[in-house]
>>> print(open('upload-v6.cif').read())   # mmCIF, C-alpha atoms
data_final
#
loop_
_atom_site.group_PDB
_atom_site.id
_atom_site.type_symbol
_atom_site.label_atom_id
_atom_site.label_comp_id
_atom_site.auth_asym_id
_atom_site.auth_seq_id
_atom_site.Cartn_x
_atom_site.Cartn_y
_atom_site.Cartn_z
ATOM 1 C CA MET A 147 0.000 0.000 0.000
ATOM 2 C CA GLY A 148 2.759 2.430 0.964
ATOM 3 C CA PHE A 149 4.735 1.725 -2.212
ATOM 4 C CA SER A 150 1.628 2.119 -4.402
ATOM 5 C CA VAL A 151 1.098 5.674 -3.172
ATOM 6 C CA SER A 152 4.744 6.572 -3.776
ATOM 7 C CA ALA A 153 4.718 5.076 -7.267
ATOM 8 C CA ALA A 154 1.469 6.861 -8.216
ATOM 9 C CA THR A 155 2.802 10.152 -6.869
ATOM 10 C CA ALA A 156 5.998 9.691 -8.879
ATOM 11 C CA VAL A 157 4.029 9.082 -12.088
ATOM 12 C CA ILE A 158 1.824 12.163 -11.502
ATOM 13 C CA PHE A 159 4.865 14.335 -10.789
ATOM 14 C CA ALA A 160 6.553 13.070 -13.945
ATOM 15 C CA GLY A 161 3.386 14.060 -15.828
ATOM 16 C CA LEU A 162 3.431 17.506 -14.226
ATOM 17 C CA PHE A 163 7.062 18.030 -15.214
ATOM 18 C CA LEU A 164 6.272 16.972 -18.770
ATOM 19 C CA ALA A 165 3.290 19.350 -18.918
ATOM 20 C CA LEU A 166 5.399 22.213 -17.621
ATOM 21 C CA GLY A 167 8.091 21.345 -20.163
ATOM 22 C CA ILE A 168 5.534 21.617 -22.961
ATOM 23 C CA PHE A 169 3.875 24.755 -21.621
ATOM 24 C CA TYR A 170 6.923 26.873 -20.841
ATOM 25 C CA PRO A 171 8.507 27.053 -24.345
ATOM 26 C CA ALA A 172 5.104 27.748 -25.882
ATOM 27 C CA MET A 173 4.498 30.638 -23.487
ATOM 28 C CA ALA A 174 8.042 32.003 -23.819
ATOM 29 C CA ASN A 175 7.946 31.903 -27.652
ATOM 30 C CA SER A 176 4.496 33.483 -27.770
ATOM 31 C CA TYR A 177 5.439 36.257 -25.394
ATOM 32 C CA GLU A 178 8.628 36.984 -27.308
ATOM 33 C CA ARG A 179 6.799 37.050 -30.643
ATOM 34 C CA VAL A 180 4.224 39.571 -29.446
ATOM 35 C CA GLN A 181 6.916 41.565 -27.655
ATOM 36 C CA THR A 182 8.969 41.855 -30.880
ATOM 37 C CA ALA A 183 5.914 42.961 -32.844
ATOM 38 C CA ASP A 184 5.146 45.553 -30.146
ATOM 39 C CA ALA A 185 8.703 46.896 -30.210
ATOM 40 C CA ASN A 186 8.517 47.079 -33.998
ATOM 41 C CA GLN A 187 5.282 49.068 -33.779
ATOM 42 C CA ALA A 188 6.807 51.439 -31.228
ATOM 43 C CA ASP A 189 9.782 51.980 -33.576
ATOM 44 C CA ARG A 190 7.474 52.748 -36.454
ATOM 45 C CA ALA A 191 5.459 55.182 -34.327
ATOM 46 C CA LEU A 192 8.651 56.975 -33.297
ATOM 47 C CA GLU A 193 9.871 57.241 -36.893
ATOM 48 C CA GLN A 194 6.468 58.465 -37.991
ATOM 49 C CA ALA A 195 6.513 61.156 -35.316
ATOM 50 C CA ASN A 196 9.998 62.185 -36.435
ATOM 51 C CA SER A 197 9.014 62.409 -40.113
ATOM 52 C CA ASP A 198 7.611 65.538 -41.678
ATOM 53 C CA ILE A 199 7.424 66.888 -45.203
ATOM 54 C CA ARG A 200 6.476 70.288 -46.630
ATOM 55 C CA ILE A 201 5.552 71.213 -50.181
ATOM 56 C CA SER A 202 7.733 74.232 -50.914
ATOM 57 C CA THR A 203 7.188 75.049 -54.582
ATOM 58 C CA VAL A 204 4.716 73.955 -57.230
ATOM 59 C CA ARG A 205 5.484 74.998 -60.815
ATOM 60 C CA THR A 206 2.378 74.624 -62.943
ATOM 61 C CA THR A 207 3.383 76.534 -66.045
ATOM 62 C CA GLY A 208 6.082 76.334 -68.677
ATOM 63 C CA SER A 209 8.194 73.343 -69.571
ATOM 64 C CA ASP A 210 9.330 72.712 -65.988
ATOM 65 C CA GLN A 211 6.141 71.498 -64.287
ATOM 66 C CA THR A 212 7.460 70.074 -61.053
ATOM 67 C CA ILE A 213 6.831 69.963 -57.317
ATOM 68 C CA ASP A 214 9.498 70.601 -54.701
ATOM 69 C CA VAL A 215 9.037 68.854 -51.363
ATOM 70 C CA VAL A 216 11.352 69.394 -48.408
ATOM 71 C CA ASN A 217 12.110 66.716 -45.843
ATOM 72 C CA GLU A 218 11.499 68.717 -42.656
ATOM 73 C CA GLY A 219 11.769 65.785 -40.296
ATOM 74 C CA SER A 220 14.752 63.994 -38.873
ATOM 75 C CA THR A 221 14.387 60.633 -40.612
ATOM 76 C CA THR A 222 15.607 59.446 -43.997
ATOM 77 C CA LEU A 223 12.710 58.811 -46.361
ATOM 78 C CA PRO A 224 12.728 56.504 -49.402
ATOM 79 C CA VAL A 225 12.492 58.368 -52.718
ATOM 80 C CA ASN A 226 10.974 55.480 -54.666
ATOM 81 C CA LYS A 227 8.200 54.982 -52.106
ATOM 82 C CA THR A 228 6.835 58.504 -52.267
ATOM 83 C CA ASP A 229 3.346 58.746 -53.733
ATOM 84 C CA LEU A 230 1.743 61.608 -55.596
ATOM 85 C CA VAL A 231 -1.994 62.216 -55.922
ATOM 86 C CA ILE A 232 -3.045 64.910 -58.410
ATOM 87 C CA ASP A 233 -6.673 66.064 -58.167
ATOM 88 C CA GLY A 234 -7.592 62.757 -56.572
ATOM 89 C CA ALA A 235 -5.845 60.661 -59.233
ATOM 90 C CA TYR A 236 -3.064 58.446 -57.979
ATOM 91 C CA GLN A 237 0.093 58.716 -60.092
ATOM 92 C CA GLU A 238 1.866 55.420 -60.655
ATOM 93 C CA ARG A 239 5.401 55.586 -59.318
ATOM 94 C CA SER A 240 6.833 54.685 -62.738
ATOM 95 C CA THR A 241 5.197 57.801 -64.233
ATOM 96 C CA VAL A 242 6.772 60.252 -61.796
ATOM 97 C CA ALA A 243 10.415 61.221 -62.289
ATOM 98 C CA THR A 244 12.254 62.146 -59.109
ATOM 99 C CA ASP A 245 15.499 63.782 -58.161
ATOM 100 C CA ILE A 246 17.086 64.966 -54.936
ATOM 101 C CA ASP A 247 18.713 68.371 -55.372
ATOM 102 C CA GLY A 248 19.458 67.438 -59.016
ATOM 103 C CA ASP A 249 20.636 63.878 -58.291
ATOM 104 C CA ASP A 250 18.255 61.327 -59.835
ATOM 105 C CA THR A 251 20.254 58.231 -58.867
ATOM 106 C CA THR A 252 19.931 58.355 -55.097
ATOM 107 C CA GLY A 253 17.117 56.552 -53.322
ATOM 108 C CA LEU A 254 17.600 58.338 -50.023
ATOM 109 C CA TRP A 255 15.807 61.552 -49.168
ATOM 110 C CA LEU A 256 17.780 62.881 -46.220
ATOM 111 C CA PRO A 257 16.601 65.501 -43.692
ATOM 112 C CA GLY A 258 16.739 69.010 -45.139
ATOM 113 C CA GLU A 259 16.999 67.825 -48.748
ATOM 114 C CA THR A 260 14.527 68.789 -51.434
ATOM 115 C CA LEU A 261 12.810 66.141 -53.515
ATOM 116 C CA THR A 262 11.625 67.257 -56.940
ATOM 117 C CA LEU A 263 8.724 65.329 -58.432
ATOM 118 C CA ASP A 264 8.121 65.552 -62.170
ATOM 119 C CA PRO A 265 4.873 63.748 -63.104
ATOM 120 C CA ASP A 266 4.463 62.665 -66.748
ATOM 121 C CA THR A 267 0.922 64.089 -66.809
ATOM 122 C CA GLY A 268 2.162 67.610 -66.070
ATOM 123 C CA LEU A 269 0.599 70.051 -63.642
ATOM 124 C CA GLY A 270 -1.275 72.453 -65.907
ATOM 125 C CA GLY A 271 -4.744 73.308 -64.547
ATOM 126 C CA VAL A 272 -4.216 71.257 -61.395
ATOM 127 C CA ASP A 273 -6.145 72.331 -58.267
ATOM 128 C CA GLN A 274 -4.921 70.057 -55.511
ATOM 129 C CA ILE A 275 -1.926 67.825 -54.955
ATOM 130 C CA ARG A 276 -1.190 65.445 -52.142
ATOM 131 C CA ILE A 277 2.107 63.767 -51.395
ATOM 132 C CA VAL A 278 2.383 60.723 -49.165
ATOM 133 C CA THR A 279 5.643 59.205 -48.050
ATOM 134 C CA GLU A 280 6.898 56.578 -45.619
ATOM 135 C CA HIS A 281 4.691 55.851 -42.566
ATOM 136 C CA GLY A 282 1.771 57.581 -44.306
ATOM 137 C CA VAL A 283 3.168 61.063 -43.619
ATOM 138 C CA ALA A 284 1.330 63.362 -46.020
ATOM 139 C CA ALA A 285 1.281 66.932 -47.253
ATOM 140 C CA SER A 286 -1.448 68.608 -49.295
ATOM 141 C CA GLU A 287 -1.415 71.805 -51.268
ATOM 142 C CA SER A 288 -4.160 73.709 -53.052
ATOM 143 C CA ILE A 289 -3.006 75.587 -56.101
ATOM 144 C CA MET B 89 -0.423 -14.657 3.303
ATOM 145 C CA ALA B 90 -0.316 -15.106 -0.468
ATOM 146 C CA SER B 91 -3.727 -13.428 -0.791
ATOM 147 C CA VAL B 92 -2.319 -10.286 0.867
ATOM 148 C CA SER B 93 0.505 -10.089 -1.727
ATOM 149 C CA VAL B 94 -1.937 -10.568 -4.583
ATOM 150 C CA SER B 95 -4.270 -7.866 -3.317
ATOM 151 C CA HIS B 96 -1.285 -5.552 -2.803
ATOM 152 C CA LEU B 97 -0.194 -6.232 -6.375
ATOM 153 C CA ILE B 98 -3.684 -5.458 -7.687
ATOM 154 C CA ILE B 99 -3.853 -2.192 -5.742
ATOM 155 C CA PHE B 100 -0.363 -1.292 -6.937
ATOM 156 C CA ILE B 101 -1.268 -1.856 -10.607
ATOM 157 C CA ALA B 102 -4.581 -0.014 -10.191
ATOM 158 C CA SER B 103 -2.882 3.006 -8.627
ATOM 159 C CA LEU B 104 -0.324 3.102 -11.426
ATOM 160 C CA VAL B 105 -3.059 2.921 -14.076
ATOM 161 C CA VAL B 106 -5.006 5.750 -12.438
ATOM 162 C CA ALA B 107 -1.867 7.889 -12.022
ATOM 163 C CA ALA B 108 -0.834 7.308 -15.643
ATOM 164 C CA GLY B 109 -4.340 8.253 -16.771
ATOM 165 C CA VAL B 110 -4.269 11.483 -14.785
ATOM 166 C CA ALA B 111 -0.777 12.369 -16.042
ATOM 167 C CA GLY B 112 -1.735 11.572 -19.648
ATOM 168 C CA THR B 113 -4.884 13.682 -19.532
ATOM 169 C CA LEU B 114 -2.973 16.544 -17.948
ATOM 170 C CA THR B 115 -0.199 16.591 -20.572
ATOM 171 C CA THR B 116 -2.691 16.293 -23.446
ATOM 172 C CA GLY B 117 -4.692 19.208 -22.083
ATOM 173 C CA VAL B 118 -1.611 21.346 -21.540
ATOM 174 C CA GLU B 119 -0.325 20.547 -25.031
ATOM 175 C CA ARG B 120 -3.623 21.662 -26.560
ATOM 176 C CA VAL B 121 -3.576 24.920 -24.607
ATOM 177 C CA SER B 122 0.072 25.493 -25.613
ATOM 178 C CA ASN B 123 -0.749 25.056 -29.294
ATOM 179 C CA ALA B 124 -3.674 27.468 -28.977
ATOM 180 C CA VAL B 125 -1.468 30.044 -27.223
ATOM 181 C CA GLU B 126 1.162 29.746 -29.996
ATOM 182 C CA ASP B 127 -1.496 30.237 -32.693
ATOM 183 C CA GLY B 128 -2.993 33.156 -30.775
ATOM 184 C CA SER B 129 0.367 34.869 -30.381
ATOM 185 C CA LEU B 130 1.036 34.498 -34.118
ATOM 186 C CA ASP B 131 -2.291 36.173 -34.885
ATOM 187 C CA VAL B 132 -1.722 38.944 -32.350
ATOM 188 C CA SER B 133 1.815 39.683 -33.587
ATOM 189 C CA GLN B 134 0.569 39.856 -37.191
ATOM 190 C CA GLN B 135 -2.225 42.197 -36.154
ATOM 191 C CA VAL B 136 0.244 44.426 -34.314
ATOM 192 C CA ARG B 137 2.548 44.479 -37.351
ATOM 193 C CA THR B 138 -0.257 45.356 -39.756
ATOM 194 C CA ASP B 139 -0.668 49.046 -40.369
ATOM 195 C CA ILE B 140 -2.339 50.763 -43.294
ATOM 196 C CA ASP B 141 -2.968 54.296 -44.411
ATOM 197 C CA ILE B 142 -5.431 55.648 -46.946
ATOM 198 C CA ILE B 143 -3.524 57.962 -49.254
ATOM 199 C CA SER B 144 -6.426 59.094 -51.434
ATOM 200 C CA ASP B 145 -7.224 62.784 -51.318
ATOM 201 C CA PRO B 146 -10.401 63.411 -49.258
ATOM 202 C CA LYS B 147 -10.964 66.642 -51.178
ATOM 203 C CA ASN B 148 -10.962 64.925 -54.565
ATOM 204 C CA PRO B 149 -12.386 61.414 -54.241
ATOM 205 C CA ALA B 150 -11.702 59.267 -57.312
ATOM 206 C CA LEU B 151 -15.249 58.590 -58.539
ATOM 207 C CA ASP B 152 -16.017 57.674 -62.134
ATOM 208 C CA ALA B 153 -19.219 58.354 -64.097
ATOM 209 C CA ASN B 154 -21.027 55.436 -62.367
ATOM 210 C CA ASN B 155 -19.831 56.582 -58.940
ATOM 211 C CA ASN B 156 -17.460 53.611 -58.679
ATOM 212 C CA LEU B 157 -15.068 54.630 -55.941
ATOM 213 C CA THR B 158 -11.336 53.999 -56.145
ATOM 214 C CA ILE B 159 -9.199 54.395 -53.054
ATOM 215 C CA HIS B 160 -5.492 53.812 -52.642
ATOM 216 C CA VAL B 161 -4.233 52.167 -49.491
ATOM 217 C CA ARG B 162 -0.601 52.117 -48.506
ATOM 218 C CA ASN B 163 0.912 49.394 -46.359
ATOM 219 C CA THR B 164 2.739 51.317 -43.624
ATOM 220 C CA GLY B 165 3.264 48.326 -41.352
ATOM 221 C CA SER B 166 5.821 45.540 -41.418
ATOM 222 C CA GLN B 167 3.403 42.752 -42.314
ATOM 223 C CA GLY B 168 2.692 41.800 -45.929
ATOM 224 C CA ILE B 169 -0.934 42.000 -47.086
ATOM 225 C CA PHE B 170 -2.311 39.755 -49.823
ATOM 226 C CA ILE B 171 -3.679 41.866 -52.658
ATOM 227 C CA GLN B 172 -7.104 40.250 -52.870
ATOM 228 C CA PRO B 173 -10.643 41.136 -51.720
ATOM 229 C CA ASP B 174 -10.465 38.453 -48.996
ATOM 230 C CA SER B 175 -7.902 40.546 -47.091
ATOM 231 C CA ILE B 176 -10.209 43.535 -46.913
ATOM 232 C CA ASP B 177 -13.386 44.270 -44.995
ATOM 233 C CA MET B 178 -15.083 47.449 -46.076
ATOM 234 C CA VAL B 179 -18.178 49.263 -44.864
ATOM 235 C CA VAL B 180 -19.380 52.242 -46.892
ATOM 236 C CA ASN B 181 -21.963 54.464 -45.191
ATOM 237 C CA GLY B 182 -22.920 51.646 -42.839
ATOM 238 C CA GLU B 183 -23.324 49.119 -45.625
ATOM 239 C CA PHE B 184 -20.974 46.160 -45.830
ATOM 240 C CA VAL B 185 -19.330 45.720 -49.219
ATOM 241 C CA PRO B 186 -19.137 42.039 -50.223
ATOM 242 C CA ASN B 187 -15.992 40.706 -51.878
ATOM 243 C CA SER B 188 -17.830 40.451 -55.198
ATOM 244 C CA ASP B 189 -18.120 44.256 -55.305
ATOM 245 C CA LEU B 190 -14.439 44.838 -54.532
ATOM 246 C CA THR B 191 -11.551 44.847 -56.981
ATOM 247 C CA VAL B 192 -8.084 44.979 -55.476
ATOM 248 C CA THR B 193 -4.917 45.440 -57.506
ATOM 249 C CA ASP B 194 -1.324 46.525 -57.016
ATOM 250 C CA ALA B 195 -1.183 50.220 -57.926
ATOM 251 C CA ASN B 196 2.407 50.053 -59.162
ATOM 252 C CA GLY B 197 2.698 46.702 -60.876
ATOM 253 C CA ASP B 198 1.141 43.265 -60.695
ATOM 254 C CA ARG B 199 2.389 41.893 -57.413
ATOM 255 C CA THR B 200 0.125 39.700 -55.312
ATOM 256 C CA THR B 201 1.397 40.839 -51.912
ATOM 257 C CA ALA B 202 1.673 44.429 -50.706
ATOM 258 C CA ARG B 203 4.867 44.785 -48.695
ATOM 259 C CA THR B 204 5.938 47.774 -46.620
ATOM 260 C CA GLY B 205 5.468 50.954 -48.651
ATOM 261 C CA ASP B 206 3.450 49.282 -51.421
ATOM 262 C CA VAL B 207 0.126 50.719 -52.506
ATOM 263 C CA MET B 208 -3.051 48.786 -53.209
ATOM 264 C CA GLU B 209 -5.811 50.098 -55.422
ATOM 265 C CA ILE B 210 -9.283 49.193 -54.157
ATOM 266 C CA THR B 211 -12.294 49.795 -56.373
ATOM 267 C CA VAL B 212 -15.852 49.589 -55.043
ATOM 268 C CA ASP B 213 -18.375 48.580 -57.712
ATOM 269 C CA ASN B 214 -21.322 50.945 -57.273
ATOM 270 C CA THR B 215 -23.484 49.643 -60.135
ATOM 271 C CA ASP B 216 -25.514 46.885 -58.422
ATOM 272 C CA THR B 217 -25.751 48.441 -54.989
ATOM 273 C CA GLU B 218 -25.463 52.194 -54.594
ATOM 274 C CA TYR B 219 -23.011 52.611 -51.750
ATOM 275 C CA ILE B 220 -22.006 56.161 -52.542
ATOM 276 C CA GLN B 221 -24.531 58.831 -51.727
ATOM 277 C CA ASN B 222 -24.681 62.532 -52.443
ATOM 278 C CA GLY B 223 -23.022 64.659 -49.788
ATOM 279 C CA ASP B 224 -20.903 63.210 -47.043
ATOM 280 C CA ASN B 225 -19.581 59.680 -47.323
ATOM 281 C CA ARG B 226 -17.710 57.509 -44.876
ATOM 282 C CA VAL B 227 -15.634 54.483 -45.781
ATOM 283 C CA TYR B 228 -14.588 52.203 -42.941
ATOM 284 C CA LEU B 229 -11.787 49.884 -43.945
ATOM 285 C CA THR B 230 -10.439 46.990 -41.888
ATOM 286 C CA ILE B 231 -7.392 44.938 -42.844
ATOM 287 C CA ASN B 232 -6.245 42.319 -40.319
ATOM 288 C CA SER B 233 -7.822 44.288 -37.423
ATOM 289 C CA ASP B 234 -6.232 47.580 -38.459
ATOM 290 C CA GLU B 235 -8.941 50.132 -39.101
ATOM 291 C CA GLU B 236 -8.904 53.264 -41.218
ATOM 292 C CA VAL B 237 -11.637 55.766 -41.978
ATOM 293 C CA TYR B 238 -11.854 57.736 -45.204
ATOM 294 C CA GLU B 239 -14.381 60.544 -45.223
ATOM 295 C CA PHE B 240 -15.139 62.566 -48.307
ATOM 296 C CA GLY B 241 -17.858 64.614 -49.909
ATOM 297 C CA THR B 242 -19.390 64.356 -53.358
ATOM 298 C CA ASN B 243 -20.436 67.418 -55.264
#
>>> encode(input="upload-v6.cif", output="structure tokens")
Amino acid sequence: MGFSVSAATAVIFAGLFLALGIFYPAMANSYERVQTADANQADRALEQANSDIRISTVRTTGSDQTIDVVNEGSTTLPVNKTDLVIDGAYQERSTVATDIDGDDTTGLWLPGETLTLDPDTGLGGVDQIRIVTEHGVAASESI
Amino acid sequence: MASVSVSHLIIFIASLVVAAGVAGTLTTGVERVSNAVEDGSLDVSQQVRTDIDIISDPKNPALDANNNLTIHVRNTGSQGIFIQPDSIDMVVNGEFVPNSDLTVTDANGDRTTARTGDVMEITVDNTDTEYIQNGDNRVYLTINSDEEVYEFGTN
């Protein structure tokens, strides 16, 4: 009788250890996964708060119909992921030529630099433009 | 004397069987819960990573002659979004838009997944059901639990 109780207790404890062994890695992995996603979101929120753009000049006449946008924030923005909406119509990225202070090879739009957008459709008779860049940071201008 | 040993043996075996049953049930239950927690954490982390932004101009909504609405949505999160109507839940002026009335494409190519910085073009077919009304309109867009509202007026 005495040995039966000990043996049964040993089996139940072994089961408990096994259960804990299964449960702990699952919990640790899950917590870490959500924690990483949270940290990533916090990083994005910080970068978004640090990003700012301003439309400085819009040239709607002549042969040089372009828009100058200044990076007024403190983050580097991607040139090829900047979107232009003219009078509500989205301009495909392949139809908008871009250059940074005259350099059309760079993909980095650094703080303080001016991005010039040259849409293929031109800007004659345009009423409203909207520019959206990384993190959804946007600037609108009525002409 | 022999009968005592036999009864002890029977009790011993019975206690082991019961203990093994309890331990087995416990580990099975814990394993199930662990799997569910892992799945749940995957969902939660993907929801946290998903972030979208409507880049269409509220002042100039893109409406065609039949009032079909086109909006452009940019993926500003770090989670890829499949470019298909199944990924998107949309309510226009309180009316749910079924997948059959939605057309979703890549605005800058023909990719099937919108990665960070990519733009999706979503068109709402207004011909069968009139979602768009004169005056103020409100589009409520949900992608993987991330919600965005696009409000605009028609002239």
>>> resolve_selection(input="upload-v6.cif", expression="the PyMOL selection byres ((chain B) within 6 of (chain A))", output="number ranges by chain")
B: 100, 103-104, 107, 111, 115, 118, 122, 126, 129, 133, 137, 141, 145, 148-150, 164, 196, 205
>>> residues_around(input="upload-v6.cif", residues="A:Asn196", least_positions_apart="4", cutoff="7 Å", atoms="all atoms listed in the file", output="list in words")
Leu192, Gly219, Ser220 and Thr221 of chain A
>>> atom_distance(input="upload-v6.cif", atom1="atom CA of A:Ala243", atom2="atom CA of B:Ile140")
25.2 Å
>>> residues_around(input="upload-v6.cif", residues="B:Met208", least_positions_apart="6", cutoff="9 Å", atoms="all atoms listed in the file", output="compact mmCIF listing (two decimals) with C-alpha atoms, keeping the file's coordinate frame")
# COMPACT_ATOMS: atom_id res chain seq x y z
CA ILE B 159 -9.20 54.40 -53.05
CA HIS B 160 -5.49 53.81 -52.64
CA VAL B 161 -4.23 52.17 -49.49
CA ARG B 162 -0.60 52.12 -48.51
CA ASN B 163 0.91 49.39 -46.36
CA ILE B 171 -3.68 41.87 -52.66
CA VAL B 192 -8.08 44.98 -55.48
CA THR B 193 -4.92 45.44 -57.51
CA ASP B 194 -1.32 46.52 -57.02
CA ALA B 195 -1.18 50.22 -57.93
CA ASN B 196 2.41 50.05 -59.16
CA ALA B 202 1.67 44.43 -50.71
>>> closest_residue(input="upload-v6.cif", among="B:Ile142, B:Ser166, B:Ser188, B:Asn155", to="B:Thr230", atoms="only C-alpha atoms")
B:Ile142
>>> atom_distance(input="upload-v6.cif", atom1="atom CA of B:Thr158", atom2="atom CA of A:Gly270")
23.2 Å
>>> resolve_selection(input="upload-v6.cif", expression="the PyMOL selection byres ((chain B and resi 235-242) around 6)", output="MDAnalysis selection string")
chainID B and resid 146 222:230 234 243
>>> atom_distance(input="upload-v6.cif", atom1="atom CA of B:Ser175", atom2="atom CA of B:Asp131")
14.1 Å
>>> build_atoms(input="upload-v6.cif", residues="stretch 128-135 of chain B", atoms="all heavy atoms", output="PDB file, in the frame of the given file")
ATOM      1  N   GLY B 128      -2.474  31.835 -31.162  1.00  0.00           N
ATOM      2  CA  GLY B 128      -2.993  33.156 -30.775  1.00  0.00           C
ATOM      3  C   GLY B 128      -1.914  34.211 -30.842  1.00  0.00           C
ATOM      4  O   GLY B 128      -2.142  35.317 -31.342  1.00  0.00           O
ATOM      5  N   SER B 129      -0.705  33.878 -30.379  1.00  0.00           N
ATOM      6  CA  SER B 129       0.367  34.869 -30.381  1.00  0.00           C
ATOM      7  C   SER B 129       0.774  35.222 -31.809  1.00  0.00           C
ATOM      8  O   SER B 129       1.113  36.362 -32.112  1.00  0.00           O
ATOM      9  CB  SER B 129       1.566  34.359 -29.598  1.00  0.00           C
ATOM     10  OG  SER B 129       2.279  33.420 -30.348  1.00  0.00           O
ATOM     11  N   LEU B 130       0.712  34.232 -32.710  1.00  0.00           N
ATOM     12  CA  LEU B 130       1.036  34.498 -34.118  1.00  0.00           C
ATOM     13  C   LEU B 130       0.033  35.494 -34.697  1.00  0.00           C
ATOM     14  O   LEU B 130       0.406  36.470 -35.365  1.00  0.00           O
ATOM     15  CB  LEU B 130       0.993  33.179 -34.897  1.00  0.00           C
ATOM     16  CG  LEU B 130       1.708  33.157 -36.227  1.00  0.00           C
ATOM     17  CD1 LEU B 130       3.194  33.339 -36.036  1.00  0.00           C
ATOM     18  CD2 LEU B 130       1.430  31.854 -36.950  1.00  0.00           C
ATOM     19  N   ASP B 131      -1.248  35.256 -34.407  1.00  0.00           N
ATOM     20  CA  ASP B 131      -2.291  36.173 -34.885  1.00  0.00           C
ATOM     21  C   ASP B 131      -2.090  37.573 -34.318  1.00  0.00           C
ATOM     22  O   ASP B 131      -2.156  38.563 -35.047  1.00  0.00           O
ATOM     23  CB  ASP B 131      -3.680  35.659 -34.460  1.00  0.00           C
ATOM     24  CG  ASP B 131      -4.144  34.520 -35.332  1.00  0.00           C
ATOM     25  OD1 ASP B 131      -3.477  34.266 -36.338  1.00  0.00           O
ATOM     26  OD2 ASP B 131      -5.152  33.884 -34.974  1.00  0.00           O
ATOM     27  N   VAL B 132      -1.862  37.640 -33.002  1.00  0.00           N
ATOM     28  CA  VAL B 132      -1.722  38.944 -32.350  1.00  0.00           C
ATOM     29  C   VAL B 132      -0.520  39.696 -32.917  1.00  0.00           C
ATOM     30  O   VAL B 132      -0.598  40.882 -33.238  1.00  0.00           O
ATOM     31  CB  VAL B 132      -1.594  38.791 -30.814  1.00  0.00           C
ATOM     32  CG1 VAL B 132      -1.194  40.101 -30.168  1.00  0.00           C
ATOM     33  CG2 VAL B 132      -2.894  38.302 -30.224  1.00  0.00           C
ATOM     34  N   SER B 133       0.618  38.990 -33.090  1.00  0.00           N
ATOM     35  CA  SER B 133       1.815  39.683 -33.587  1.00  0.00           C
ATOM     36  C   SER B 133       1.585  40.180 -35.010  1.00  0.00           C
ATOM     37  O   SER B 133       2.030  41.267 -35.379  1.00  0.00           O
ATOM     38  CB  SER B 133       3.035  38.780 -33.500  1.00  0.00           C
ATOM     39  OG  SER B 133       2.928  37.723 -34.396  1.00  0.00           O
ATOM     40  N   GLN B 134       0.851  39.388 -35.823  1.00  0.00           N
ATOM     41  CA  GLN B 134       0.569  39.856 -37.191  1.00  0.00           C
ATOM     42  C   GLN B 134      -0.363  41.051 -37.183  1.00  0.00           C
ATOM     43  O   GLN B 134      -0.218  41.975 -37.982  1.00  0.00           O
ATOM     44  CB  GLN B 134      -0.034  38.716 -38.016  1.00  0.00           C
ATOM     45  CG  GLN B 134       1.000  37.665 -38.375  1.00  0.00           C
ATOM     46  CD  GLN B 134       0.464  36.558 -39.233  1.00  0.00           C
ATOM     47  OE1 GLN B 134      -0.744  36.470 -39.442  1.00  0.00           O
ATOM     48  NE2 GLN B 134       1.336  35.710 -39.707  1.00  0.00           N
ATOM     49  N   GLN B 135      -1.320  41.044 -36.247  1.00  0.00           N
ATOM     50  CA  GLN B 135      -2.225  42.197 -36.154  1.00  0.00           C
ATOM     51  C   GLN B 135      -1.478  43.446 -35.709  1.00  0.00           C
ATOM     52  O   GLN B 135      -1.744  44.540 -36.192  1.00  0.00           O
ATOM     53  CB  GLN B 135      -3.364  41.895 -35.178  1.00  0.00           C
ATOM     54  CG  GLN B 135      -4.409  40.966 -35.771  1.00  0.00           C
ATOM     55  CD  GLN B 135      -5.372  40.431 -34.741  1.00  0.00           C
ATOM     56  OE1 GLN B 135      -5.330  40.833 -33.582  1.00  0.00           O
ATOM     57  NE2 GLN B 135      -6.223  39.521 -35.149  1.00  0.00           N
TER      58      GLN B 135
END
